[in-house]
>>> print(open('coords_0.txt').read())   # compact mmCIF, C-alpha atoms
# COMPACT_ATOMS: atom_id res chain seq x y z
CA MET A 1041 -70.08 32.48 -16.60
CA PRO A 1042 -67.18 34.98 -16.34
CA VAL A 1043 -65.63 33.08 -13.44
CA ARG A 1044 -64.48 30.03 -15.39
CA PRO A 1045 -61.86 31.75 -17.60
CA VAL A 1046 -60.41 33.46 -14.55
CA ILE A 1047 -60.03 30.13 -12.78
CA VAL A 1048 -58.41 28.62 -15.85
CA PHE A 1049 -56.06 31.55 -16.05
CA MET A 1050 -55.11 31.28 -12.39
CA CYS A 1051 -54.39 27.58 -12.71
CA LEU A 1052 -52.27 28.07 -15.77
CA ALA A 1053 -50.52 31.06 -14.23
CA LEU A 1054 -49.70 28.93 -11.22
CA LEU A 1055 -48.16 26.37 -13.52
CA ARG A 1056 -46.13 29.13 -15.12
CA ALA A 1057 -44.98 30.58 -11.84
CA HIS A 1058 -43.60 27.28 -10.51
CA PRO A 1059 -41.97 25.30 -13.26
CA ALA A 1060 -40.54 21.98 -12.08
CA ALA A 1061 -36.96 22.53 -10.91
CA ALA A 1062 -34.93 20.00 -12.92
CA GLN A 1063 -31.94 18.31 -11.43
CA ALA A 1064 -29.96 15.22 -12.18
CA SER A 1065 -27.27 13.18 -10.49
CA GLY A 1066 -24.37 11.13 -11.74
CA SER A 1067 -22.12 8.77 -9.85
CA ALA A 1068 -18.62 7.42 -10.25
CA LEU A 1069 -16.57 4.94 -8.28
CA MET A 1070 -13.51 6.05 -6.33
CA THR A 1071 -10.95 3.26 -6.12
CA GLY A 1072 -7.58 2.43 -4.66
CA THR A 1073 -5.48 -0.52 -3.67
CA VAL A 1074 -3.53 -0.71 -0.46
CA LEU A 1075 -0.34 -2.56 -1.13
CA THR A 1076 1.37 -5.01 1.15
CA ALA A 1077 3.95 -3.30 3.33
CA ILE A 1078 7.48 -3.97 2.10
CA THR A 1079 9.81 -5.85 4.39
CA ILE A 1080 13.51 -6.54 3.90
CA THR A 1081 15.68 -8.94 5.80
CA GLY A 1082 19.33 -9.59 5.12
CA SER A 1083 22.16 -11.95 5.90
CA ASP A 1084 25.84 -11.05 5.79
CA LEU A 1085 28.24 -11.32 2.89
CA SER A 1086 31.07 -12.96 4.79
CA PHE A 1087 34.58 -13.33 3.41
CA GLY A 1088 35.83 -15.29 6.37
CA ASN A 1089 39.54 -15.18 7.10
CA VAL A 1090 41.77 -13.39 4.60
CA MET A 1091 45.55 -13.09 4.63
CA SER A 1092 47.16 -9.66 5.10
CA SER A 1093 47.88 -9.43 1.39
CA ASP A 1094 45.46 -11.51 -0.52
CA SER A 1095 42.44 -11.63 -2.83
CA LYS A 1096 39.38 -13.68 -2.13
CA ARG A 1097 36.12 -13.96 -3.99
CA VAL A 1098 32.70 -14.97 -2.67
CA ALA A 1099 30.28 -15.68 -5.51
CA ALA A 1100 26.79 -14.27 -5.17
CA PRO A 1101 24.89 -17.54 -4.68
CA LEU A 1102 27.13 -18.23 -1.68
CA GLY A 1103 27.31 -14.65 -0.46
CA GLY A 1104 24.96 -12.28 1.28
CA ARG A 1105 21.23 -12.62 0.79
CA PHE A 1106 18.32 -10.22 1.02
CA VAL A 1107 14.69 -11.35 1.17
CA VAL A 1108 12.13 -8.73 0.14
CA THR A 1109 8.40 -9.26 0.67
CA MET A 1110 5.98 -6.98 -1.15
CA ALA A 1111 2.78 -6.96 -3.20
CA ALA A 1112 2.78 -9.58 -5.94
CA ALA A 1113 3.04 -8.44 -9.54
CA THR A 1114 3.67 -4.85 -8.50
CA PRO A 1115 6.75 -3.05 -9.81
CA VAL A 1116 9.25 -1.74 -7.29
CA THR A 1117 12.51 0.13 -7.57
CA ILE A 1118 15.39 -1.43 -5.73
CA ALA A 1119 18.25 0.92 -4.95
CA TYR A 1120 21.52 -0.42 -3.63
CA ALA A 1121 24.54 1.19 -2.00
CA LEU A 1122 27.66 -0.97 -1.94
CA PRO A 1123 30.81 -0.18 0.01
CA ALA A 1124 34.09 0.39 -1.85
CA SER A 1125 36.13 -1.04 0.98
CA LEU A 1126 35.92 -2.70 4.35
CA GLY A 1127 38.69 -0.51 5.77
CA PRO A 1128 42.27 0.68 5.12
CA GLN A 1129 43.99 -1.54 2.56
CA VAL A 1130 40.91 -3.76 2.34
CA THR A 1131 39.12 -3.00 -0.90
CA LEU A 1132 36.03 -4.51 -2.44
CA SER A 1133 35.45 -4.97 -6.16
CA ALA A 1134 33.72 -7.05 -8.82
CA TRP A 1135 30.32 -6.80 -7.21
CA GLU A 1136 27.78 -9.35 -8.33
CA LEU A 1137 24.02 -9.19 -7.81
CA LEU A 1138 21.51 -11.94 -8.51
CA SER A 1139 17.72 -11.85 -8.32
CA ASN A 1140 15.02 -14.51 -8.21
CA SER A 1141 11.37 -14.77 -7.22
CA VAL A 1142 12.09 -18.10 -5.56
CA ASN A 1143 14.78 -18.99 -3.07
CA ASP A 1144 17.20 -20.52 -5.55
CA GLY A 1145 20.47 -18.77 -6.26
CA ALA A 1146 21.39 -21.27 -8.94
CA THR A 1147 18.58 -20.15 -11.23
CA ALA A 1148 18.74 -16.46 -10.32
CA GLN A 1149 19.19 -13.76 -12.93
CA ALA A 1150 22.20 -11.45 -12.89
CA ILE A 1151 21.58 -7.76 -12.28
CA PRO A 1152 24.24 -5.56 -13.95
CA VAL A 1153 26.17 -3.59 -11.35
CA GLY A 1154 27.68 -0.58 -13.05
CA ALA A 1155 28.54 1.45 -9.98
CA LEU A 1156 28.55 1.19 -6.23
CA ASN A 1157 25.26 3.10 -6.11
CA GLY A 1158 22.55 2.07 -8.53
CA SER A 1159 19.00 0.88 -8.92
CA PHE A 1160 16.84 -1.41 -10.96
CA THR A 1161 13.15 -2.20 -11.37
CA ALA A 1162 11.73 -5.54 -10.32
CA SER A 1163 8.42 -7.31 -9.96
CA THR A 1164 7.62 -10.73 -8.61
CA PRO A 1165 4.58 -12.95 -9.10
CA THR A 1166 5.06 -14.52 -5.69
CA GLY A 1167 5.32 -11.37 -3.58
CA SER A 1168 8.82 -12.43 -2.51
CA LEU A 1169 12.10 -11.43 -4.07
CA TYR A 1170 15.46 -12.97 -3.24
CA LEU A 1171 18.71 -11.14 -3.90
CA TRP A 1172 22.23 -12.50 -3.57
CA VAL A 1173 25.33 -10.38 -3.33
CA GLY A 1174 28.90 -11.39 -4.05
CA ALA A 1175 32.17 -9.51 -4.34
CA THR A 1176 35.94 -9.79 -4.25
CA VAL A 1177 37.94 -8.54 -1.28
CA THR A 1178 41.57 -7.54 -1.82
CA THR A 1179 43.99 -6.84 1.01
CA ALA A 1180 47.33 -5.11 0.61
CA ASN A 1181 49.35 -5.38 3.81
CA ALA A 1182 46.15 -4.88 5.78
CA GLY A 1183 46.23 -4.76 9.54
CA VAL A 1184 45.07 -7.72 11.55
CA GLY A 1185 41.51 -7.43 12.75
CA SER A 1186 37.85 -7.59 11.91
CA TYR A 1187 36.37 -5.39 9.21
CA SER A 1188 32.80 -4.62 8.25
CA GLN A 1189 30.73 -2.17 6.25
CA PRO A 1190 26.99 -2.03 5.54
CA ILE A 1191 25.32 -2.92 2.27
CA THR A 1192 22.13 -0.91 1.98
CA LEU A 1193 19.10 -1.91 -0.02
CA THR A 1194 16.11 0.43 -0.40
CA VAL A 1195 12.90 -0.85 -1.98
CA THR A 1196 10.03 1.44 -2.96
CA TYR A 1197 6.84 0.90 -4.93
CA ASN A 1198 6.87 2.66 -8.29
CA MET B 1135 -67.74 41.28 -23.43
CA ARG B 1136 -67.56 37.72 -24.76
CA ILE B 1137 -64.15 38.30 -26.22
CA MET B 1138 -62.47 39.03 -22.89
CA PRO B 1139 -62.53 35.49 -21.40
CA ARG B 1140 -61.17 34.06 -24.63
CA LEU B 1141 -58.37 36.61 -24.58
CA VAL B 1142 -57.50 35.72 -21.00
CA VAL B 1143 -57.39 32.00 -21.77
CA GLY B 1144 -55.34 32.69 -24.86
CA LEU B 1145 -52.78 34.70 -22.90
CA ALA B 1146 -52.57 32.02 -20.26
CA ALA B 1147 -52.05 29.38 -22.91
CA LEU B 1148 -49.21 31.44 -24.35
CA LEU B 1149 -47.59 31.62 -20.94
CA VAL B 1150 -47.77 27.88 -20.59
CA ALA B 1151 -46.40 27.42 -24.07
CA ALA B 1152 -43.52 29.75 -23.24
CA SER B 1153 -42.87 27.81 -20.08
CA ALA B 1154 -42.92 24.51 -21.89
CA GLY B 1155 -40.44 25.95 -24.39
CA ARG B 1156 -37.88 26.31 -21.59
CA ALA B 1157 -37.27 22.61 -21.27
CA GLN B 1158 -35.57 21.78 -17.95
CA SER B 1159 -33.90 18.54 -18.93
CA ILE B 1160 -30.37 17.97 -17.70
CA GLN B 1161 -28.08 14.98 -17.77
CA VAL B 1162 -25.07 14.17 -15.56
CA THR B 1163 -22.73 11.37 -16.55
CA GLY B 1164 -19.98 10.03 -14.33
CA ILE B 1165 -17.11 9.47 -16.73
CA GLN B 1166 -14.61 8.26 -14.17
CA GLY B 1167 -14.06 8.34 -10.41
CA VAL B 1168 -10.93 9.26 -8.50
CA SER B 1169 -8.36 6.53 -8.95
CA PHE B 1170 -5.64 6.33 -6.31
CA GLY B 1171 -3.92 3.29 -7.76
CA GLY B 1172 -1.51 1.58 -5.40
CA MET B 1173 -1.12 3.04 -1.93
CA VAL B 1174 1.49 2.26 0.67
CA PRO B 1175 0.32 1.90 4.30
CA GLY B 1176 1.18 4.96 6.35
CA ILE B 1177 1.76 7.22 3.35
CA SER B 1178 -1.02 9.54 2.17
CA LYS B 1179 -1.64 9.96 -1.52
CA ALA B 1180 -3.28 12.90 -3.29
CA VAL B 1181 -4.88 13.01 -6.72
CA SER B 1182 -5.07 16.44 -8.37
CA ARG B 1183 -8.21 17.57 -10.21
CA THR B 1184 -5.92 18.32 -13.17
CA ASP B 1185 -4.74 14.71 -13.34
CA ALA B 1186 -6.44 13.49 -16.51
CA LEU B 1187 -5.82 9.83 -15.75
CA ASN B 1188 -6.83 9.73 -12.10
CA ALA B 1189 -9.12 12.67 -11.28
CA ALA B 1190 -12.88 12.17 -11.23
CA ARG B 1191 -14.82 13.61 -14.16
CA PHE B 1192 -18.52 14.28 -14.67
CA ASP B 1193 -19.98 15.58 -17.92
CA ILE B 1194 -23.10 17.75 -17.86
CA LYS B 1195 -25.49 18.07 -20.77
CA GLY B 1196 -28.19 20.65 -20.28
CA ALA B 1197 -30.87 22.25 -22.38
CA GLY B 1198 -30.46 25.73 -23.77
CA SER B 1199 -27.40 27.91 -23.73
CA GLY B 1200 -25.61 29.59 -20.88
CA ARG B 1201 -27.87 28.23 -18.15
CA THR B 1202 -26.84 28.63 -14.56
CA VAL B 1203 -26.64 25.46 -12.50
CA GLN B 1204 -25.83 24.48 -8.94
CA LEU B 1205 -23.25 21.75 -8.42
CA GLN B 1206 -23.40 19.73 -5.23
CA PHE B 1207 -21.20 16.76 -4.44
CA SER B 1208 -22.05 13.92 -2.13
CA LEU B 1209 -18.55 13.13 -0.91
CA PRO B 1210 -17.61 9.84 0.73
CA ALA B 1211 -15.59 10.29 3.91
CA ALA B 1212 -13.69 7.08 3.35
CA LEU B 1213 -13.02 4.22 1.00
CA THR B 1214 -14.21 0.83 2.14
CA GLY B 1215 -12.05 -2.21 1.74
CA PRO B 1216 -11.47 -5.79 2.91
CA GLY B 1217 -13.62 -6.79 5.85
CA GLY B 1218 -15.19 -3.33 5.95
CA ALA B 1219 -11.86 -1.62 6.58
CA SER B 1220 -12.09 2.14 6.25
CA LEU B 1221 -9.52 4.33 4.52
CA PRO B 1222 -10.06 8.05 5.24
CA LEU B 1223 -10.47 10.61 2.46
CA SER B 1224 -10.05 14.37 2.80
CA TYR B 1225 -10.98 17.32 0.61
CA THR B 1226 -9.66 20.85 0.44
CA SER B 1227 -11.04 24.09 -0.97
CA GLY B 1228 -9.51 23.73 -4.42
CA ASP B 1229 -10.09 20.05 -5.00
CA ALA B 1230 -12.98 20.51 -7.46
CA GLY B 1231 -13.05 22.33 -10.76
CA PHE B 1232 -15.64 23.31 -13.36
CA SER B 1233 -15.02 23.79 -17.07
CA ALA B 1234 -17.70 25.06 -19.43
CA GLN B 1235 -15.29 24.13 -22.23
CA GLN B 1236 -15.12 20.58 -20.85
CA SER B 1237 -11.35 20.92 -20.74
CA ILE B 1238 -9.34 19.61 -17.81
CA GLY B 1239 -6.75 22.25 -18.61
CA ASN B 1240 -9.23 25.11 -18.29
CA GLN B 1241 -11.00 24.79 -14.95
CA THR B 1242 -12.35 27.16 -12.33
CA GLY B 1243 -11.55 25.68 -8.95
CA PHE B 1244 -14.05 25.43 -6.15
CA ASP B 1245 -14.58 23.79 -2.80
CA PRO B 1246 -16.28 20.41 -3.32
CA ARG B 1247 -17.62 20.48 0.25
CA THR B 1248 -20.04 23.29 -0.58
CA ALA B 1249 -22.48 23.99 -3.41
CA PHE B 1250 -21.07 25.88 -6.38
CA ILE B 1251 -22.90 27.95 -8.99
CA ALA B 1252 -21.64 27.48 -12.55
CA THR B 1253 -22.70 28.59 -16.00
CA LEU B 1254 -22.96 26.01 -18.75
CA SER B 1255 -21.57 26.71 -22.21
CA ALA B 1256 -23.57 28.07 -25.11
CA SER B 1257 -24.24 24.50 -26.11
CA GLY B 1258 -25.43 23.64 -22.59
CA ARG B 1259 -22.34 21.61 -21.70
CA GLY B 1260 -19.87 21.54 -18.86
CA SER B 1261 -17.54 19.20 -17.00
CA VAL B 1262 -16.71 18.87 -13.33
CA PHE B 1263 -13.43 17.47 -12.07
CA LEU B 1264 -12.46 16.31 -8.59
CA GLY B 1265 -9.30 15.30 -6.81
CA CYS B 1266 -8.75 14.46 -3.13
CA ARG B 1267 -6.38 12.83 -0.68
CA ALA B 1268 -6.43 9.30 0.74
CA SER B 1269 -4.63 8.58 3.99
CA PRO B 1270 -4.04 4.88 4.66
CA ALA B 1271 -3.00 4.07 8.20
CA ALA B 1272 0.31 2.38 8.93
CA ASN B 1273 -1.58 -0.83 9.68
CA GLN B 1274 -4.09 -0.45 6.83
CA PRO B 1275 -5.15 -3.89 5.58
CA SER B 1276 -3.97 -4.54 2.06
CA GLY B 1277 -6.50 -5.01 -0.71
CA SER B 1278 -8.95 -3.16 -2.92
CA TYR B 1279 -10.93 -0.17 -1.63
CA SER B 1280 -13.78 1.79 -3.19
CA ALA B 1281 -16.52 4.35 -2.54
CA THR B 1282 -19.27 6.00 -4.58
CA LEU B 1283 -19.01 9.66 -5.46
CA THR B 1284 -22.17 11.49 -6.56
CA LEU B 1285 -22.63 14.86 -8.22
CA THR B 1286 -26.06 16.49 -8.33
CA VAL B 1287 -26.68 19.30 -10.80
CA ALA B 1288 -29.78 21.52 -10.60
CA TYR B 1289 -30.86 24.52 -12.62
CA VAL B 1290 -30.89 27.75 -10.70
CA LEU B 1291 -34.33 29.27 -11.30
>>> encode(input="coords_0.txt", output="structure tokens")
Amino acid sequence: MPVRPVIVFMCLALLRAHPAAAQASGSALMTGTVLTAITITGSDLSFGNVMSSDSKRVAAPLGGRFVVTMAAATPVTIAYALPASLGPQVTLSAWELLSNSVNDGATAQAIPVGALNGSFTASTPTGSLYLWVGATVTTANAGVGSYSQPITLTVTYN
Amino acid sequence: MRIMPRLVVGLAALLVAASAGRAQSIQVTGIQGVSFGGMVPGISKAVSRTDALNAARFDIKGAGSGRTVQLQFSLPAALTGPGGASLPLSYTSGDAGFSAQQSIGNQTGFDPRTAFIATLSASGRGSVFLGCRASPAANQPSGSYSATLTLTVAYVL
């Protein structure tokens, strides 16, 4: 019976020649959240009629208002650029900024305004943020006419 | 002449024993996937493979030292979100990296779109990292998006 060992050898050699090719896989979840697009609408800070040499203040709750809509509970940076004047001999000062997550200027929180250009971080549980702007206009022998300058608000997700 | 068959069987058995000694076990663990965090519609966002917080990471545990393995990703083309909304993903040649030291700061970059041959460490370990870019459309629906990323690792015989 010399054939049997040869067959055994061939079978075992075949096993040796083709070991099982091991491989393994692992998985992980890729994730992201698309945030609500930010929108900003604004209404004017109006001083009304002012005498040629005068000083008039409009408090923030009665002044200009911005409404920002964004993702709820998501921090944003709000940058503001305030004008120093409305024109020759018509200066602006004592800027006041209030913020609230509901449309109520009376309960809004004051945002410190240290300079004409600045920024602060905000977040709102409602997805809406209301901002009120007030300032004092001072005229010194200003010419008769209508004056205006833009207030710019830039909101970006952090 | 009776001794010859026994010798042959004995040699064959040794071969099998040697083969069995080269255990082929390997383990791949997905530690974390790519995390894009918050994305703004219309603005693409990239995650680097060197970003420890947000890059994907897979740990490999093999048998033996210094074994050569083939890495092959199954890459999703998009994240899926609310109502089946699709958010495209893209990959570039250097978006994946391998580290035998399992260190995110010590990677060899490679193209995740093609198979890559890597050598495990002396202890049979290695880590694979992945970054990529997500490109939400301007009108991309808001909400949570996800996709499954798979890495397959095979010994190179």
>>> closest_residue(input="coords_0.txt", among="A:Ala1119, A:Leu1156, A:Ala1111, A:Leu1085", to="A:Ser1188", atoms="all atoms listed in the file")
A:Leu1085
>>> residues_around(input="coords_0.txt", residues="A:Thr1081", least_positions_apart="6", cutoff="8 Å", atoms="all atoms listed in the file", output="PyMOL selection string")
chain A and resi 1106-1108
>>> atom_distance(input="coords_0.txt", atom1="atom CA of A:Ser1133", atom2="atom CA of A:Ser1163")
27.4 Å
>>> atom_distance(input="coords_0.txt", atom1="atom CA of A:Gly1082", atom2="atom CA of A:Gly1104")
7.3 Å
>>> residues_around(input="coords_0.txt", residues="stretch 1127-1130 of chain A", least_positions_apart="4", cutoff="10 Å", atoms="only C-alpha atoms", output="tab-separated table (two decimals) with C-alpha atoms, in the coordinates of the input")
chain	number	residue	atom	x	y	z
A	1090	VAL	CA	41.77	-13.39	4.60
A	1092	SER	CA	47.16	-9.66	5.10
A	1093	SER	CA	47.88	-9.43	1.39
A	1094	ASP	CA	45.46	-11.51	-0.52
A	1095	SER	CA	42.44	-11.63	-2.83
A	1123	PRO	CA	30.81	-0.18	0.01
A	1177	VAL	CA	37.94	-8.54	-1.28
A	1178	THR	CA	41.57	-7.54	-1.82
A	1179	THR	CA	43.99	-6.84	1.01
A	1180	ALA	CA	47.33	-5.11	0.61
A	1181	ASN	CA	49.35	-5.38	3.81
A	1182	ALA	CA	46.15	-4.88	5.78
A	1183	GLY	CA	46.23	-4.76	9.54
A	1186	SER	CA	37.85	-7.59	11.91
A	1187	TYR	CA	36.37	-5.39	9.21
A	1188	SER	CA	32.80	-4.62	8.25
A	1189	GLN	CA	30.73	-2.17	6.25
>>> closest_residue(input="coords_0.txt", among="A:Val1116, A:Ala1100, A:Ile1080, A:Leu1132", to="chain B", atoms="only C-alpha atoms")
A:Val1116
>>> residues_around(input="coords_0.txt", residues="A:Asn1140", least_positions_apart="5", cutoff="10 Å", atoms="only C-alpha atoms", output="PyMOL selection string")
chain A and resi 1107+1145-1150+1162-1164+1168-1172
>>> atom_distance(input="coords_0.txt", atom1="atom CA of A:Asn1198", atom2="atom CA of A:Trp1135")
25.3 Å
>>> interface_residues(input="coords_0.txt", of="chain B", to="chain A", cutoff="6 Å", atoms="only C-alpha atoms", output="PyMOL selection string")
chain B and resi 1139+1143+1146+1150+1158+1161-1164+1166-1174+1276-1288
>>> residues_around(input="coords_0.txt", residues="stretch 1218-1230 of chain B", least_positions_apart="3", cutoff="8 Å", atoms="only C-alpha atoms", output="JSON list (two decimals) with C-alpha atoms, in the frame of the given file")
[["chain", "number", "residue", "atom", "x", "y", "z"],
["B", 1182, "SER", "CA", -5.07, 16.44, -8.37],
["B", 1183, "ARG", "CA", -8.21, 17.57, -10.21],
["B", 1210, "PRO", "CA", -17.61, 9.84, 0.73],
["B", 1211, "ALA", "CA", -15.59, 10.29, 3.91],
["B", 1212, "ALA", "CA", -13.69, 7.08, 3.35],
["B", 1213, "LEU", "CA", -13.02, 4.22, 1.00],
["B", 1214, "THR", "CA", -14.21, 0.83, 2.14],
["B", 1215, "GLY", "CA", -12.05, -2.21, 1.74],
["B", 1243, "GLY", "CA", -11.55, 25.68, -8.95],
["B", 1244, "PHE", "CA", -14.05, 25.43, -6.15],
["B", 1245, "ASP", "CA", -14.58, 23.79, -2.80],
["B", 1246, "PRO", "CA", -16.28, 20.41, -3.32],
["B", 1247, "ARG", "CA", -17.62, 20.48, 0.25],
["B", 1262, "VAL", "CA", -16.71, 18.87, -13.33],
["B", 1263, "PHE", "CA", -13.43, 17.47, -12.07],
["B", 1264, "LEU", "CA", -12.46, 16.31, -8.59],
["B", 1265, "GLY", "CA", -9.30, 15.30, -6.81],
["B", 1266, "CYS", "CA", -8.75, 14.46, -3.13],
["B", 1267, "ARG", "CA", -6.38, 12.83, -0.68],
["B", 1268, "ALA", "CA", -6.43, 9.30, 0.74],
["B", 1269, "SER", "CA", -4.63, 8.58, 3.99],
["B", 1270, "PRO", "CA", -4.04, 4.88, 4.66],
["B", 1271, "ALA", "CA", -3.00, 4.07, 8.20],
["B", 1274, "GLN", "CA", -4.09, -0.45, 6.83],
["B", 1275, "PRO", "CA", -5.15, -3.89, 5.58],
["B", 1279, "TYR", "CA", -10.93, -0.17, -1.63]]
